[in-house]
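Everything below belongs to upload.cif, which stores mmCIF, C-alpha atoms.
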data_input
loop_
_atom_site.label_atom_id
_atom_site.label_comp_id
_atom_site.auth_asym_id
_atom_site.auth_seq_id
_atom_site.Cartn_x
_atom_site.Cartn_y
_atom_site.Cartn_z
CA ALA A 19 93.74 68.27 179.37
CA PHE A 20 90.10 68.98 178.70
CA ALA A 21 89.28 69.21 182.38
CA ALA A 22 92.27 71.41 183.12
CA THR A 23 91.40 73.77 180.32
CA SER A 24 87.80 74.00 181.40
CA THR A 25 88.80 74.78 184.98
CA SER A 26 91.25 77.42 183.85
CA ASP A 27 88.64 79.06 181.62
CA SER A 28 86.03 78.91 184.37
CA PHE A 29 88.28 80.83 186.82
CA SER A 30 89.46 83.35 184.23
CA ALA A 31 86.59 85.70 185.08
CA PRO A 32 85.14 86.74 188.43
CA GLY A 33 82.15 84.64 189.47
CA ALA A 34 82.62 82.21 186.58
CA GLY A 35 82.35 79.11 188.80
CA LYS A 36 78.88 80.13 189.81
CA ASN A 37 77.65 80.87 186.19
CA PRO A 38 76.34 77.67 184.45
CA VAL A 39 75.72 79.45 181.12
CA PHE A 40 79.35 80.49 180.92
CA LEU A 41 80.48 76.92 181.66
CA ALA A 42 78.19 75.56 178.90
CA LYS A 43 79.66 77.98 176.36
CA VAL A 44 83.21 77.00 177.29
CA ILE A 45 82.44 73.28 177.03
CA ALA A 46 80.70 73.72 173.64
CA ARG A 47 83.63 75.71 172.27
CA LYS A 48 86.12 73.02 173.33
CA VAL A 49 84.04 70.23 171.80
CA LEU A 50 83.79 72.04 168.45
CA ALA A 51 87.53 72.70 168.51
CA LEU A 52 88.20 68.98 169.02
CA LEU A 53 85.74 67.81 166.33
CA ALA A 54 86.71 70.32 163.59
CA PRO A 55 90.01 69.36 161.83
CA SER A 56 92.62 72.05 161.49
CA ASP A 57 93.94 73.39 158.21
CA GLU A 58 97.21 71.54 158.73
CA GLU A 59 95.33 68.24 159.06
CA ASP A 60 93.41 68.99 155.78
CA VAL A 61 96.65 69.68 153.95
CA THR A 62 98.20 66.52 155.35
CA GLN A 63 95.24 64.35 154.33
CA THR A 64 95.21 65.84 150.78
CA GLY A 65 98.92 65.18 150.39
CA GLU A 66 98.47 61.58 151.52
CA MET A 67 95.66 61.03 149.00
CA ILE A 68 97.82 62.41 146.17
CA LEU A 69 100.71 60.13 147.14
CA ILE A 70 98.36 57.12 147.21
CA LEU A 71 96.97 57.96 143.75
CA LYS A 72 100.48 58.38 142.36
CA ASP A 73 101.46 54.98 143.75
CA VAL A 74 98.37 53.35 142.24
CA VAL A 75 98.95 54.89 138.78
CA LEU A 76 102.64 54.01 138.87
CA GLY A 77 101.86 50.44 139.90
CA ILE A 78 99.32 49.96 137.11
CA SER A 79 101.71 51.44 134.52
CA LEU A 80 104.57 49.22 135.62
CA GLY A 81 102.27 46.20 135.58
CA VAL A 82 101.09 46.86 132.04
CA LEU A 83 104.66 47.54 130.89
CA THR A 84 105.89 44.31 132.48
CA ILE A 85 103.14 42.24 130.85
CA SER A 86 103.85 43.85 127.46
CA ILE A 87 107.58 43.11 127.75
CA LEU A 88 106.91 39.49 128.71
CA ILE A 89 104.52 38.99 125.79
CA PHE A 90 107.09 40.52 123.40
CA LEU A 91 109.90 38.32 124.73
CA ASP A 92 107.68 35.27 124.48
CA HIS A 93 106.82 36.19 120.89
CA ARG A 94 110.53 36.52 120.04
CA GLY A 95 111.32 33.22 121.74
CA VAL A 96 113.69 34.77 124.28
CA VAL A 97 111.65 33.42 127.17
CA HIS A 98 108.71 31.10 127.36
CA PHE A 99 105.69 31.86 129.50
CA GLN A 100 102.74 29.63 128.85
CA SER A 101 100.25 32.22 130.10
CA ALA A 102 101.72 34.90 127.81
CA HIS A 103 101.74 32.43 124.94
CA ASP A 104 98.08 31.57 125.54
CA PHE A 105 97.16 35.25 125.84
CA ARG A 106 98.88 36.04 122.53
CA ASN A 107 97.20 33.13 120.75
CA THR A 108 93.81 34.13 122.12
CA ALA A 109 94.32 37.70 120.95
CA PHE A 110 95.33 36.54 117.46
CA GLN A 111 92.30 34.27 117.27
CA LEU A 112 89.99 37.12 118.23
CA LEU A 113 91.55 39.42 115.66
CA SER A 114 91.22 36.70 113.02
CA ASP A 115 87.50 36.33 113.69
CA PRO A 116 85.52 38.26 111.01
CA GLU A 117 82.68 39.04 113.41
CA THR A 118 85.07 40.44 116.01
CA MET A 119 86.85 42.57 113.40
CA ALA A 120 83.49 43.84 112.11
CA ASN A 121 82.48 44.87 115.63
CA ILE A 122 85.82 46.61 116.23
CA GLU A 123 85.61 48.44 112.89
CA GLU A 124 82.04 49.54 113.59
CA SER A 125 82.78 50.78 117.10
CA SER A 126 86.03 52.55 116.17
CA ASP A 127 84.86 53.82 112.77
CA LEU A 128 88.02 52.39 111.17
CA LYS A 129 88.76 49.93 108.38
CA PHE A 130 91.43 47.27 108.95
CA MET A 131 93.14 45.71 105.93
CA THR A 132 96.26 43.82 104.96
CA ILE A 133 99.36 45.43 103.50
CA ALA A 134 98.49 44.09 100.04
CA GLU A 135 94.98 45.53 100.23
CA TYR A 136 96.35 48.85 101.44
CA GLU A 137 98.88 49.04 98.60
CA SER A 138 96.16 48.18 96.07
CA LYS A 139 93.84 50.89 97.42
CA ARG A 140 96.73 53.34 97.50
CA LYS A 141 97.60 52.70 93.86
CA GLU A 142 93.96 53.06 92.91
CA ILE A 143 93.72 56.40 94.71
CA ASP A 144 96.97 57.63 93.13
CA GLY A 145 95.62 56.60 89.72
CA VAL A 146 92.42 58.54 90.30
CA VAL A 147 94.43 61.62 91.26
CA GLU A 148 96.52 61.35 88.09
CA LYS A 149 93.41 60.86 85.94
CA LYS A 150 91.76 63.85 87.59
CA ALA A 151 94.80 66.03 86.90
CA HIS A 152 94.88 64.84 83.26
CA HIS A 153 91.18 65.55 82.72
CA GLU A 154 91.51 68.95 84.37
CA GLY A 155 94.32 69.78 81.94
CA VAL A 156 92.22 68.63 78.97
CA LEU A 157 89.24 70.64 80.23
CA LYS A 158 91.40 73.74 80.63
CA LYS A 159 92.74 73.31 77.09
CA ARG A 160 89.23 72.86 75.65
CA THR A 161 88.02 75.93 77.55
CA GLU A 162 90.85 78.02 76.11
CA GLU A 163 90.01 76.74 72.62
CA VAL A 164 86.34 77.65 73.08
CA GLU A 165 87.27 81.14 74.23
CA ALA A 166 89.53 81.54 71.20
CA LYS A 167 86.73 80.36 68.88
CA LYS A 168 84.33 82.82 70.48
CA LYS A 169 86.73 85.67 69.80
CA GLU A 170 87.17 84.45 66.22
CA VAL A 171 83.40 84.27 65.74
CA GLU A 172 82.99 87.78 67.11
CA GLY A 173 85.57 89.03 64.61
CA ILE A 174 83.88 87.23 61.71
CA LYS A 175 80.49 88.53 62.80
CA ASP A 176 81.69 92.10 62.75
CA GLU A 177 83.21 91.57 59.31
CA TYR A 178 80.04 89.91 58.03
CA GLU A 179 77.88 92.78 59.21
CA LYS A 180 80.16 95.25 57.48
CA LEU A 181 80.07 93.26 54.23
CA LEU A 182 76.32 92.75 54.53
CA GLY A 183 75.79 96.50 54.67
CA ASN A 184 78.14 97.17 51.76
CA PRO A 185 75.96 98.46 48.85
CA LEU A 186 78.46 97.22 46.26
CA LEU A 187 78.16 93.58 47.34
CA GLN A 188 74.36 93.70 47.88
CA LEU A 189 74.48 90.77 50.31
CA ASN A 190 71.32 92.05 51.96
CA SER A 191 69.57 91.31 48.65
CA TYR A 192 70.54 87.63 48.69
CA CYS A 193 67.57 85.26 48.30
CA GLY A 194 68.38 81.85 49.77
CA SER A 195 65.04 80.21 48.93
CA CYS A 196 65.13 81.29 45.32
CA SER A 197 66.01 78.80 42.56
CA TRP A 198 69.62 78.82 41.44
CA THR A 199 69.31 76.38 38.54
CA GLY A 200 66.79 73.64 38.15
CA LYS A 201 65.76 72.14 41.49
CA MET A 202 68.74 73.57 43.42
CA THR A 203 68.08 76.64 45.52
CA CYS A 204 70.53 79.41 46.18
CA ASP A 205 71.09 78.10 49.73
CA GLY A 206 71.74 74.67 48.23
CA ARG A 207 74.37 76.18 45.96
CA VAL A 208 76.02 77.92 48.90
CA GLN A 209 76.05 74.70 50.93
CA PHE A 210 77.50 72.77 47.96
CA LEU A 211 80.37 75.22 47.63
CA LYS A 212 81.07 75.07 51.36
CA ASP A 213 81.07 71.26 51.43
CA LYS A 214 82.87 70.69 48.15
CA TYR A 215 85.47 73.45 48.12
CA ASN A 216 85.40 74.67 51.73
CA THR A 217 84.31 78.07 50.48
CA ARG A 218 83.63 80.83 52.98
CA PRO A 219 79.92 81.65 53.47
CA ILE A 220 80.19 85.19 52.06
CA ALA A 221 82.20 84.07 49.06
CA ALA A 222 79.70 81.24 48.43
CA LYS A 223 76.77 83.67 48.54
CA LEU A 224 78.53 86.03 46.14
CA ASN A 225 79.11 83.09 43.82
CA ALA A 226 75.45 82.13 43.95
CA MET A 227 74.38 85.74 43.36
CA GLU A 228 76.15 85.64 40.01
CA HIS A 229 72.81 84.22 38.91
CA GLU A 230 70.26 86.96 38.96
CA SER A 231 67.68 84.51 40.33
CA CYS A 232 69.47 84.60 43.74
CA ILE A 233 69.04 88.39 43.97
CA LYS A 234 65.85 89.79 45.40
CA LYS A 235 64.05 92.07 43.04
#

Entire entry expressed as structure tokens:
Amino acid sequence: AFAATSTSDSFSAPGAGKNPVFLAKVIARKVLALLAPSDEEDVTQTGEMILILKDVVLGISLGVLTISILIFLDHRGVVHFQSAHDFRNTAFQLLSDPETMANIEESSDLKFMTIAEYESKRKEIDGVVEKKAHHEGVLKKRTEEVEAKKKEVEGIKDEYEKLLGNPLLQLNSYCGSCSWTGKMTCDGRVQFLKDKYNTRPIAAKLNAMEHESCIKK
């Protein structure tokens, strides 16, 4: 076919049989056409590779599934395969080895534990959550109480300043370091009334100022 095509091409133009350059070009073109695969051949080869890969993946999957089913049936006692039995025992022995489990935990960044250990940890975590919620509630209650006390103090402070500036009460003339009677100072008298009778500070000062010694001159 190659020879026939070359002869046909060589006689397709006048004087072609006597032109060696033309013959060389024709031969080179035919050789390249034979060596270069066509697009249809590329598509065919790609399709064949995909089919082969699918067959390989399907075969491996079926093999793994078959082995898993056999090991499960051997574990349940439905069938008995010595190789599956040995494989299962070897796997259990490896998983029971502390060093092996430590390596698996380190490489997988996981922690393996028994059901009892898991339940114990779970209860501990749940207890911590409950304690946290309880303490948050107590903290919120204490915060509300502090805010209420601050408002109460602000109200008392305003009242105290008003009373302190009242010229009739003369609280700004109170002398705490002065002697009330004997060795007791006026501040000592005020503190005694507060501790003994739970007297308000202003009322205690007014009581102490009944003695002229507690009034600044």

Output of the PyMOL selection byres ((chain A and resi 105) around 12), listed as a PyMOL selection string:
chain A and resi 85-86+88-90+92-93+99-104+106-112

note - CA of Ser197 in chain A and CA of Met227 in chain A are separated by 10.9 Å

Determine the nearest neighbour of Phe130 in chain A from the options A:Thr64, A:Pro219, A:Thr118, A:Tyr178, counting only C-alpha atoms.
A:Thr118

Please expand the PyMOL selection byres ((chain A and resi 220) around 9) into the concrete residues it hits in this file, giving the result as an NGL selection string.
:A and (178 or 181-182 or 189 or 208 or 217-219 or 221-225)

So how many Å separate CA of His229 in chain A and CA of Lys180 in chain A, to one decimal?
22.8 Å

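Ranking A:Ser114, A:Ala226, A:Leu186, A:Ile87 by their shortest atom-to-atom distance to Asp205 in chain A, with all atoms listed in the file included, puts A:Ala226 first.
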
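Between Phe210 in chain A and the residues A:Thr84, A:Trp198, A:Lys141, A:Asp127, the shortest atom-to-atom distance, using only C-alpha atoms, involves A:Trp198.
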
If the PyMOL selection byres ((chain A and resi 193) around 6) is run on the structure shown, which residues does it catch, given as a PDB file with C-alpha atoms, in the frame of the given file?
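In the end it all went to out12.pdb:
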ATOM      1  CA  TYR A 192      70.540  87.630  48.690  1.00  0.00           C
ATOM      2  CA  GLY A 194      68.380  81.850  49.770  1.00  0.00           C
ATOM      3  CA  SER A 195      65.040  80.210  48.930  1.00  0.00           C
ATOM      4  CA  CYS A 196      65.130  81.290  45.320  1.00  0.00           C
ATOM      5  CA  CYS A 232      69.470  84.600  43.740  1.00  0.00           C
ATOM      6  CA  ILE A 233      69.040  88.390  43.970  1.00  0.00           C
ATOM      7  CA  LYS A 234      65.850  89.790  45.400  1.00  0.00           C
TER       8      LYS A 234
END

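Atom pair CA of Glu230 in chain A / CA of Ser191 in chain A has a distance of 10.6 Å (rounded to one decimal).
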